[in-house]
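Engineer: The structure follows.
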Amino acid sequence: MTEELHDVRLTVNGSAYEIRVPARRLLSDALRHDLGLTGTHVGCEHGVCGACTILVDGSPTRSCLMFAVSAVDHEITTVEGLANPDGSLGAVQQAFVECHGLQCGFCTPGFLTTITAGLRENPTPTHEEARDMIAGNLCRCTGYQNIVKAVERAAEIGAGG
Amino acid sequence: MTTKLMGQKVQRVEDQRFLRGLGRYVDDVNVENDATMLHAAVLRSPHAHARILAIDVDAVLDIEGVHAVWTHEDLTGPMAEPLPLLIPHPALTHGRTQYALAKDEVNYVGEAIAFVVADDRYIAEDAVGLIRVDYELLPPVVGVDAARAATSLVHEDVPGNVGARLEQNVGDAPAAIAAAPHTLVLDLTIERSACMPMEGRGTVARWEPDLNRLQMWTSTQSSTGVRAAVAVKLGLDLGQVDVITPDVGGGFGVKINHPWPEELLVPMAARALGKTVKFTEDRREHFISSAHERGQVQHIEVGFDDDGRLLGLDVEFWHDHGAYTPYGLIVPIITSTQLLGPYKPQNYRVVFESLYTNTVMVTPYRGAGRPQGCYAMERTMDAIAKYLGKDRADVRAVNFIQPDEFPYDQGLIFQDGRELEYDSGDYPASLVKIKELVGWDEFPAFQAEMAAQGRRVGIGLACYVEGTGVGPYEGAHVHIETSGKVKVATGLTTQGQGHATVFAQLVADELGCSFEDVEVVTGDTRRMPYAVGTFASRAAVMSGSAIHLAAKRAKEKALTIAADALEADPSDLQIVDGVVSVKGSPGTSIDLGTVSVLSNPLRYAFDEASKAATQFSVGDPGKPPVPEDEEPGLEGRDFYSPERATFASGMHAVIVETDPETAEIRILKYAVVHDCGHLINPMIVEGQIHGGVAQGVGGALYERMAYDESGQLLNASFMDFLMPYVTEIPDGIDIDHLETPSPLNPLGIKGAGEAGVIPSAAVFAAAIEDAEGIDITAMPISPSELYSLRQSQGQEHSA
């Protein structure tokens with residue numbers, strides 16, 4: 001029994017990658033194991049925890065609920081693509097440092113991508129909106145207190161810069 | 001002048017890596033060679049209790065991409081024996097551990113039966129699906145009541161399902177209660193939850209034929225423990241095994257248990273197949289094959305005087321430890337001892353039975369038995385206050401150990417086999433702070449005001465003492481390189497506590513180097529082979545103290561060498577920003593990198609700097625180049641092994657609102673007063689408290705392990721196990737610190753990691769009881785359970 005393989009061209013963080021994968025290869029696994037972009041983490045494989053959230057054409061998407069073959073023709077952004085072009089931390093990343101928004105760091109990439117998209121849509125969230133923005137991601141370390149602060153701080157940095 | 005970093009909110013150095021997606025967790029190891037690495041999957045029992053009659057793996061090897069499959073009959077030598085019982089105890093008369101792969105019988109849904117290694121995880125899982133097992137089903141034992149009834153047995157040779165019975169006495173509690181003017185009886189239950197780190201377990205191993213050694217990475221809280229277990233089980237010398245703990249995506253206790261079956265099977269397979277092998281646990285596996293905690297049934301009898309002062313406390317509890325006891329009696333021992341919290345019970349008797357059930361085994365989860373103990377004690381305090389019509393805070397206050405009574409010996413034996421002797425604390429001061437922080441005295445007026453509007457609010461208070469920083473020891477190695485960079489290693493592991501930051505703070509302070517020049521490595525047996533692990537809120541106390549001592553040694557050596565070079569007395573020297581200089585004469589100086597060069601007398605120069613240390617450049621020809629009793633190199637190594645644990649303490653208070661109609665429970669305010677001695681980094685301590693409180697909210701209001709009577713875990717996914725999102729956690733946690741230093745270590749610190757979760761079941765039960773006026777004796781509590789309680793206690797909803 002041999003699995004049929006498919007040639008897939010993925011565009012991730014502005015670079016093109018060619019891989020050959022079975023149809024059932026999850027996008028999260030393709031990013032991590034075929035492309036070596038291990039910043040995207042897998043916490044549940046059933047779309048609840050949000051650790052694997054990436055941006056597909058700018059929209060937060062659970063990469064564990066998408067097949068690699070479905071990602072052709074889409075622009076993908078992962079946590080590795082969130083730094084500024086000069087290599088410095090992006091606003092959301094910088095805010096996480098300043099607010100101690102992470103501990104073990106495992107859920108963090110999913111929060112960073114989610115907040116990046118959230119602030120693009122709503123650059124000046126109220127406190128309630130900042131909480132809502134992260135309400136679909138699980139974190140077991142921080143109790144979310146400092147992640148909410150980081151959303152608000154990122155909005156400030158974004159507005160200033 | 002360098003500012004002292006102890007006590008500063010220093011930003012974390014590890015964040016840069018994590019935020020760029022450059023963390024290296026166990027499933028990221030060797031990803032560059034994914035195409036040649038093999039991946040493992042495990043066949044797990046679908047039954048809670050069954051005899052294995054036959055296993056047929058024939059179909060598996062026909063699948064392209066499958067390399068090997070193991071069942072118990074393929075295991076040899078120590079691998080075929082049961083897994084270690086890590087912490088034996090004389091009272092654990094019937095300890096049992098599982099096999100790496102089940103032999104003849106399975107005792108919980110999820111127990112490992114077969115191990116398949118294939119080209120990728122997808123294929124390995126395909127193969128697992130083709131293994132056929134014939135089972136003879138046996139009656140399952142689920143829950144404390146069934147275990148106590150013992151109509152069926154989990155292990156045939158364990159009568160009554162009782163693994164252990166342990167009793168401790170201080171004075172004569174039954175007699176004191178019989179003679180007391182007032183007595184009360186409480187029956188309480190608390191259900192299971194679990195650590196649920198966002199990253200599950202995982203292991204990667206590689207056999208290096210050229211070096212005749214095993215290299216492995218595992219997501220553990222004890223790399224030295226795994227190393228020792230692997231060496232024993234695979235018949236290797238300890239020196240042939242390297243265990244490296246990479247970045248770990250949360251632990252919270254579950255990763256202190258070891259070795260997990262896969263931590264042995266992966267290196268075994270790697271050695272047998274000559275390939276790198278990886279196992280990564282998925283979320284369902286984590287629910288059914290890691291560990292749970294918290295399930296207990298408690299019976300409390302208490303005698304007290306008119307002021308609410310305890311005269312005698314008699315506690316009996318039944319602890320559900322699941323199918324096996326690899327971690328011994330640690331959790332129930334902690335419950336039975338830490339139950340006393342900040343109080344003097346006068347007379348205390350505690351007895352527990354640790355019981356087998358056909359469910360996932362129980363090993364420590366953040367708090368490790370303390371939340372249950374705190375629940376028992378604090379509910380008792382509330383009951384006494386209610387009975388006497390007194391303020392709940394006042395009843396607690398009359399029972400406090402007073403600041404002038406330390407060290408205070410509770411007369412019990414603690415989890416480390418040593419006396420339960422509290423080192424320091426100031427409980428009355430904490431009570432003043434928490435009352436002020438939560439608005440305790442103003443609350444009755446608020447409650448009345450709300451009641452007038454038809455709203456129900458309640459307030460709860462709970463106090464705890466946490467033995468932290470237990471032994472036996474930790475060590476540290478500090479190496480000042482010729483570049484002036486300072487490399488620090490300690491053997492315990494890191495799961496998000498920011499060790500690379502706080503330990504660097506300690507080194508920079510002691511050594512006088514710049515914080516940026518310090519690099520900390522944890523959990524790598526190649527760098528520090530002697531270590532215990534990260535549990536019991538012990539990392540800061542144990543490794544922090546060891547690192548402080550090792551840095552002190554390195555500093556002493558640096559000063560001696562520098563004094564020689566500068567022709568000064570060591571006592572006249574100072575080290576600031578990595579430069580050694582004569583006090584008051586900053587021009588006479590030498591940097592630490594050059595001191596490091598001089599510390600290692602050379603025959604050969606390899607760069608400009610090293611010329612200074614060659615044989616024609618330095619040294620008194622009349623003396624040996626390396627002085628007697630000295631070693632080459634600018635290094636310091638030391639170990640810290642305290643006499644006993646250090647006792648942190650704190651108090652939580654919460655105000656909740658319950659919906660008169662829907663029984664929804666809403667948190668209006670959450671306040672924490674915390675005393676862990678001197679703070680190394682308040683930002684990190686507060687982060688630990690936030691996380692603990694969130695897990696506490698989950699455990700009190702949402703999380704439980706929903707086993708049905710056949711032993712199936714019905715909610716083994718994040719869709720059904722209700723881990724809190726931000727929407728369930730209070731918007732803001734008010735924190736105040738008290739800093740009562742510990743006399744037991746050079747830094748005056750106590751542990752901080754677990755405290756946030758300890759009082760939650762107690763404090764929420766108290767607050768809901770206060771809001772509703774009905775007894776809350778079972779936690780966690782959901783809105784539907786609260787609604788049922790209202791019905792059963794005859795309370796009509798007011799709408």
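Naming scheme: A, B, ... for chains in displayed order of the structure tokens; residues 1 onward per chain; ligands 1 onward as shown.
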How would you write, as a PyMOL selection string, the set of residues in region 528-645 of chain B that DSSP gives as helix (DSSP H, G or I)?
Structural biologist: chain B and resi 539-566+570-572+592-598+608-611
Engineer: Atoms to include: C-alpha atoms. Write the selected residues as a PDB file, in the first residue's frame.
Structural biologist:
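Final output, saved to out_3.pdb:
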```pdb
ATOM      1  CA  ALA B 539      13.916  25.819  41.476  1.00  0.00           C
ATOM      2  CA  ALA B 540      14.571  29.335  42.762  1.00  0.00           C
ATOM      3  CA  VAL B 541      15.360  28.168  46.279  1.00  0.00           C
ATOM      4  CA  MET B 542      17.483  25.169  45.335  1.00  0.00           C
ATOM      5  CA  SER B 543      19.200  26.077  42.075  1.00  0.00           C
ATOM      6  CA  GLY B 544      19.058  29.784  42.870  1.00  0.00           C
ATOM      7  CA  SER B 545      20.989  29.193  46.072  1.00  0.00           C
ATOM      8  CA  ALA B 546      23.410  26.787  44.389  1.00  0.00           C
ATOM      9  CA  ILE B 547      24.053  29.284  41.587  1.00  0.00           C
ATOM     10  CA  HIS B 548      24.597  32.065  44.097  1.00  0.00           C
ATOM     11  CA  LEU B 549      27.137  29.890  45.944  1.00  0.00           C
ATOM     12  CA  ALA B 550      28.878  28.790  42.736  1.00  0.00           C
ATOM     13  CA  ALA B 551      29.117  32.398  41.558  1.00  0.00           C
ATOM     14  CA  LYS B 552      30.618  33.317  44.922  1.00  0.00           C
ATOM     15  CA  ARG B 553      33.308  30.676  44.444  1.00  0.00           C
ATOM     16  CA  ALA B 554      34.066  31.880  40.918  1.00  0.00           C
ATOM     17  CA  LYS B 555      34.293  35.418  42.240  1.00  0.00           C
ATOM     18  CA  GLU B 556      36.711  34.441  45.018  1.00  0.00           C
ATOM     19  CA  LYS B 557      38.944  32.763  42.492  1.00  0.00           C
ATOM     20  CA  ALA B 558      38.774  35.723  40.144  1.00  0.00           C
ATOM     21  CA  LEU B 559      39.763  38.073  42.946  1.00  0.00           C
ATOM     22  CA  THR B 560      42.708  35.902  43.957  1.00  0.00           C
ATOM     23  CA  ILE B 561      44.085  35.775  40.417  1.00  0.00           C
ATOM     24  CA  ALA B 562      43.363  39.428  39.772  1.00  0.00           C
ATOM     25  CA  ALA B 563      45.069  40.426  43.024  1.00  0.00           C
ATOM     26  CA  ASP B 564      48.169  38.627  41.866  1.00  0.00           C
ATOM     27  CA  ALA B 565      48.091  40.335  38.478  1.00  0.00           C
ATOM     28  CA  LEU B 566      47.353  43.779  39.927  1.00  0.00           C
ATOM     29  CA  PRO B 570      42.029  40.669  47.167  1.00  0.00           C
ATOM     30  CA  SER B 571      40.052  42.514  49.822  1.00  0.00           C
ATOM     31  CA  ASP B 572      40.858  45.827  48.107  1.00  0.00           C
ATOM     32  CA  LEU B 592      37.206  39.127  33.901  1.00  0.00           C
ATOM     33  CA  GLY B 593      38.075  37.683  30.486  1.00  0.00           C
ATOM     34  CA  THR B 594      41.766  38.385  31.064  1.00  0.00           C
ATOM     35  CA  VAL B 595      41.524  36.938  34.554  1.00  0.00           C
ATOM     36  CA  SER B 596      40.083  33.828  32.925  1.00  0.00           C
ATOM     37  CA  VAL B 597      43.056  33.703  30.535  1.00  0.00           C
ATOM     38  CA  LEU B 598      45.437  33.937  33.482  1.00  0.00           C
ATOM     39  CA  GLU B 608      46.517  37.631  21.259  1.00  0.00           C
ATOM     40  CA  ALA B 609      44.749  37.263  24.594  1.00  0.00           C
ATOM     41  CA  SER B 610      46.117  33.825  25.346  1.00  0.00           C
ATOM     42  CA  LYS B 611      49.731  34.976  24.884  1.00  0.00           C
TER      43      LYS B 611
END
```
Engineer: Write out as a PyMOL selection string each polymer residue whose atoms come within 9 Å of Ala68 (chain B), counting only C-alpha atoms; drop sequence neighbours fewer than 5 positions from it.
Structural biologist: chain B and resi 60-61+115-118+269+273
Engineer: Mind dumping the selected residues with C-alpha atoms as a PDB file, in the first residue's frame?
Structural biologist:
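Final output, out_2.pdb:
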```pdb
ATOM      1  CA  VAL B  60       1.281  -4.236  10.759  1.00  0.00           C
ATOM      2  CA  LEU B  61       4.512  -5.185   9.080  1.00  0.00           C
ATOM      3  CA  PHE B 115       4.738   0.412  20.193  1.00  0.00           C
ATOM      4  CA  VAL B 116       5.054   0.952  16.448  1.00  0.00           C
ATOM      5  CA  VAL B 117       7.876   2.767  14.683  1.00  0.00           C
ATOM      6  CA  ALA B 118       7.378   3.982  11.111  1.00  0.00           C
ATOM      7  CA  ALA B 269      13.953   1.515  19.465  1.00  0.00           C
ATOM      8  CA  LEU B 273      17.078   0.357  14.636  1.00  0.00           C
TER       9      LEU B 273
END
```
Engineer: So that each row is one residue of chain A with an atom at most 6 Å from chain B, can you give its shortest atom pair and the distance in Å to one decimal, using only C-alpha atoms, rows by chain and rising number, as CSV?
Structural biologist:
```
residue,atom,partner,partner_atom,distance
A:His33,CA,B:Val31,CA,6.0
A:Thr38,CA,B:Asp28,CA,6.0
A:Gly39,CA,B:Gly21,CA,3.7
A:Gly43,CA,B:Met198,CA,5.4
A:Cys44,CA,B:Arg283,CA,5.0
A:Val79,CA,B:Gly21,CA,5.6
A:Glu80,CA,B:Gly21,CA,5.4
A:Gln93,CA,B:Leu19,CA,5.9
A:Gln103,CA,B:Gly496,CA,4.4
A:Cys104,CA,B:Gly496,CA,3.5
A:Gly105,CA,B:Phe18,CA,5.7
A:Phe106,CA,B:Gly249,CA,5.0
A:Ala135,CA,B:Val726,CA,5.6
A:Leu138,CA,B:Tyr725,CA,5.6
A:Cys141,CA,B:Gly691,CA,4.8
A:Thr142,CA,B:Gly691,CA,4.4
A:Gly143,CA,B:Gly691,CA,4.3
A:Tyr144,CA,B:Val726,CA,5.8
```
Engineer: Can you list, as a PyMOL selection string, every protein, DNA or RNA residue that comes within 10 Å of Ala648 (chain B) when you count only C-alpha atoms, leaving out same-chain residues fewer than 5 positions away?
Structural biologist: chain B and resi 422-425+464-469+537+674-677+739-742+749-752+755
Engineer: Deliver the residues from the most recent selection as a file, using N, CA and C atoms, as a short mmCIF file (atom, residue, chain, number, x, y, z; two decimals), in the first residue's frame.
Structural biologist:
```
data_model
loop_
_atom_site.label_atom_id
_atom_site.label_comp_id
_atom_site.auth_asym_id
_atom_site.auth_seq_id
_atom_site.Cartn_x
_atom_site.Cartn_y
_atom_site.Cartn_z
N TYR B 422 8.04 24.93 60.21
CA TYR B 422 7.94 26.17 59.43
C TYR B 422 9.12 27.08 59.80
N ASP B 423 9.77 27.65 58.79
CA ASP B 423 10.95 28.47 59.06
C ASP B 423 10.62 29.90 59.45
N SER B 424 9.65 30.50 58.75
CA SER B 424 9.32 31.89 59.07
C SER B 424 7.99 32.24 58.44
N GLY B 425 7.42 33.34 58.84
CA GLY B 425 6.15 33.79 58.29
C GLY B 425 5.54 34.87 59.16
N TYR B 464 -3.14 29.63 53.19
CA TYR B 464 -2.36 28.41 52.97
C TYR B 464 -0.92 28.64 53.40
N VAL B 465 -0.26 27.52 53.66
CA VAL B 465 1.20 27.52 53.83
C VAL B 465 1.71 26.46 52.87
N GLU B 466 2.77 26.78 52.16
CA GLU B 466 3.29 25.84 51.18
C GLU B 466 4.76 25.53 51.46
N GLY B 467 5.04 24.28 51.76
CA GLY B 467 6.42 23.85 51.89
C GLY B 467 7.06 23.86 50.51
N THR B 468 8.08 24.68 50.34
CA THR B 468 8.70 24.83 49.02
C THR B 468 10.20 24.55 49.15
N GLY B 469 10.83 24.37 48.01
CA GLY B 469 12.28 24.22 48.04
C GLY B 469 12.70 23.00 48.83
N SER B 537 7.89 23.82 43.86
CA SER B 537 8.32 25.23 43.90
C SER B 537 9.74 25.35 44.42
N HIS B 674 0.73 37.34 49.03
CA HIS B 674 1.66 36.25 48.83
C HIS B 674 2.96 36.57 49.52
N ASP B 675 3.50 35.60 50.25
CA ASP B 675 4.77 35.80 50.95
C ASP B 675 5.72 34.68 50.58
N CYS B 676 6.64 34.97 49.66
CA CYS B 676 7.64 33.96 49.30
C CYS B 676 9.03 34.48 49.64
N GLY B 677 9.11 35.24 50.74
CA GLY B 677 10.40 35.79 51.12
C GLY B 677 10.84 36.86 50.14
N GLU B 739 7.23 40.18 52.36
CA GLU B 739 8.53 39.53 52.17
C GLU B 739 9.12 39.16 53.52
N THR B 740 8.78 37.97 54.00
CA THR B 740 9.37 37.45 55.23
C THR B 740 10.49 36.51 54.83
N PRO B 741 11.75 36.95 54.98
CA PRO B 741 12.84 36.12 54.44
C PRO B 741 12.94 34.76 55.11
N SER B 742 13.40 33.79 54.36
CA SER B 742 13.70 32.48 54.94
C SER B 742 15.10 32.53 55.53
N ILE B 749 15.01 33.43 50.22
CA ILE B 749 13.88 33.24 49.31
C ILE B 749 13.10 31.97 49.65
N LYS B 750 11.86 31.95 49.15
CA LYS B 750 10.99 30.78 49.25
C LYS B 750 10.37 30.56 47.87
N GLY B 751 9.80 29.39 47.68
CA GLY B 751 9.24 29.07 46.36
C GLY B 751 7.95 29.81 46.07
N ALA B 752 7.67 29.98 44.76
CA ALA B 752 6.50 30.77 44.37
C ALA B 752 5.65 30.10 43.30
N ALA B 755 1.81 28.32 44.43
CA ALA B 755 0.91 28.91 45.41
C ALA B 755 -0.41 29.40 44.83
#
```
Engineer: For CA of Gly7 (chain B) and CA of Ser88 (chain A), determine how far apart the two atoms are, in Å to one decimal place.
Structural biologist: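 A separation of 28.2 Å between them.
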Engineer: Quick one: everything within 7 Å of Val277 (chain B), counting only C-alpha atoms, minus sequence neighbours fewer than 6 positions away in the same chain. Send it as a compact mmCIF listing (two decimals) with N, CA, C and O atoms, in the first residue's frame.
Structural biologist:
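And here's around.txt as it stands now:
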```txt
# COMPACT_ATOMS: atom_id res chain seq x y z
N MET B 37 14.19 10.49 9.92
CA MET B 37 13.86 10.16 11.31
C MET B 37 12.63 9.26 11.33
O MET B 37 11.76 9.35 10.48
N LEU B 38 12.56 8.39 12.33
CA LEU B 38 11.39 7.52 12.48
C LEU B 38 10.47 8.06 13.57
O LEU B 38 10.93 8.73 14.50
N HIS B 39 9.20 7.74 13.41
CA HIS B 39 8.19 8.28 14.34
C HIS B 39 7.39 7.14 14.96
O HIS B 39 7.05 6.18 14.28
N VAL B 204 12.76 12.19 22.01
CA VAL B 204 13.54 11.88 20.81
C VAL B 204 14.82 11.21 21.27
O VAL B 204 15.42 11.64 22.26
N ALA B 205 15.24 10.15 20.57
CA ALA B 205 16.51 9.50 20.97
C ALA B 205 17.30 9.10 19.74
O ALA B 205 16.74 8.81 18.68
N ARG B 206 18.60 9.11 19.94
CA ARG B 206 19.52 8.76 18.86
C ARG B 206 20.67 7.96 19.46
O ARG B 206 21.25 8.37 20.47
N VAL B 266 11.38 4.71 23.26
CA VAL B 266 12.00 5.47 22.18
C VAL B 266 13.52 5.20 22.12
O VAL B 266 14.04 4.84 21.06
N ALA B 270 15.52 3.35 19.16
CA ALA B 270 16.59 4.07 18.45
C ALA B 270 17.86 3.22 18.41
O ALA B 270 18.55 3.14 17.38
```
Engineer: Quote the spacing between CA of Ser336 (chain B) and CA of Asn745 (chain B) in Å to one decimal place.
Structural biologist: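 Going from CA of Ser336 (chain B) over to CA of Asn745 (chain B) covers 26.1 Å.
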Engineer: I want to know what sits within 10 Å of Thr61 (chain A), based on only C-alpha atoms, with residues of the same chain fewer than 6 positions away left out; could you give that as a list in words?
Structural biologist: Gly47, Gly50, Cys52, Thr53, Ile54, Leu55, Ile76, Gly110, Thr113 and Thr114 of chain A
Engineer: Find the distance between CA of Phe279 (chain B) and CA of Ala114 (chain B) and write it in Å to one decimal.
Structural biologist: 13.3 Å
Engineer: Please identify all polymer residues within 9 Å of Ile330 (chain B), counting only C-alpha atoms, omitting same-chain residues fewer than 2 positions from it, and present them as a list of chain:residue names.
Structural biologist: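 So, after excluding close chain neighbours, the residues are B:Ile87, B:Tyr327, B:Gly328, B:Pro332, B:Ile333, B:Ile334, B:Thr335, B:Thr363, B:Pro364, B:Ala368, B:Gly369, B:Gln415, B:Asp416.
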Engineer: Determine the nearest neighbour of Asp441 (chain B) from the options B:Leu668, B:Ala645, B:Ala476, B:Ala393, counting only C-alpha atoms.
Structural biologist: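 Among the listed residues, B:Ala393 lies closest to Asp441 (chain B).
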Engineer: Please identify which residues in region 366-567 of chain B DSSP calls strand (DSSP E) from the backbone, and express them as JSON, numbers by chain.
Structural biologist: {"B": [408, 409, 410, 411, 412, 413, 419, 420, 421, 422, 456, 457, 458, 459, 460, 461, 462, 463, 464, 465, 466, 467, 468, 474, 475, 476, 477, 478, 479, 480, 486, 487, 488, 489, 490, 518, 519, 520, 521, 522]}
Engineer: Using only C-alpha atoms, which residue out of A:Met133, A:Leu26, A:Leu112, A:Val151 lies closest to Leu82 (chain A)?
Structural biologist: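 Nearest to Leu82 (chain A): A:Leu112.
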Engineer: Which residues come within 8 Å of region 218-235 of chain B, counting only C-alpha atoms, excluding same-chain residues fewer than 2 positions away, as a ChimeraX atom specification?
Structural biologist: /B:25-26,77-79,84,201-204,216,237-238,240-248,251,253,255-259,263-264,267-268,491-495,523-525,529-535
Engineer: Could you check which of A:Gln94, A:Gly136, A:Asn122, A:Ser15 is closest to Arg62 (chain A), using only C-alpha atoms?
Structural biologist: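 Closest to Arg62 (chain A), using only C-alpha atoms: A:Gly136.
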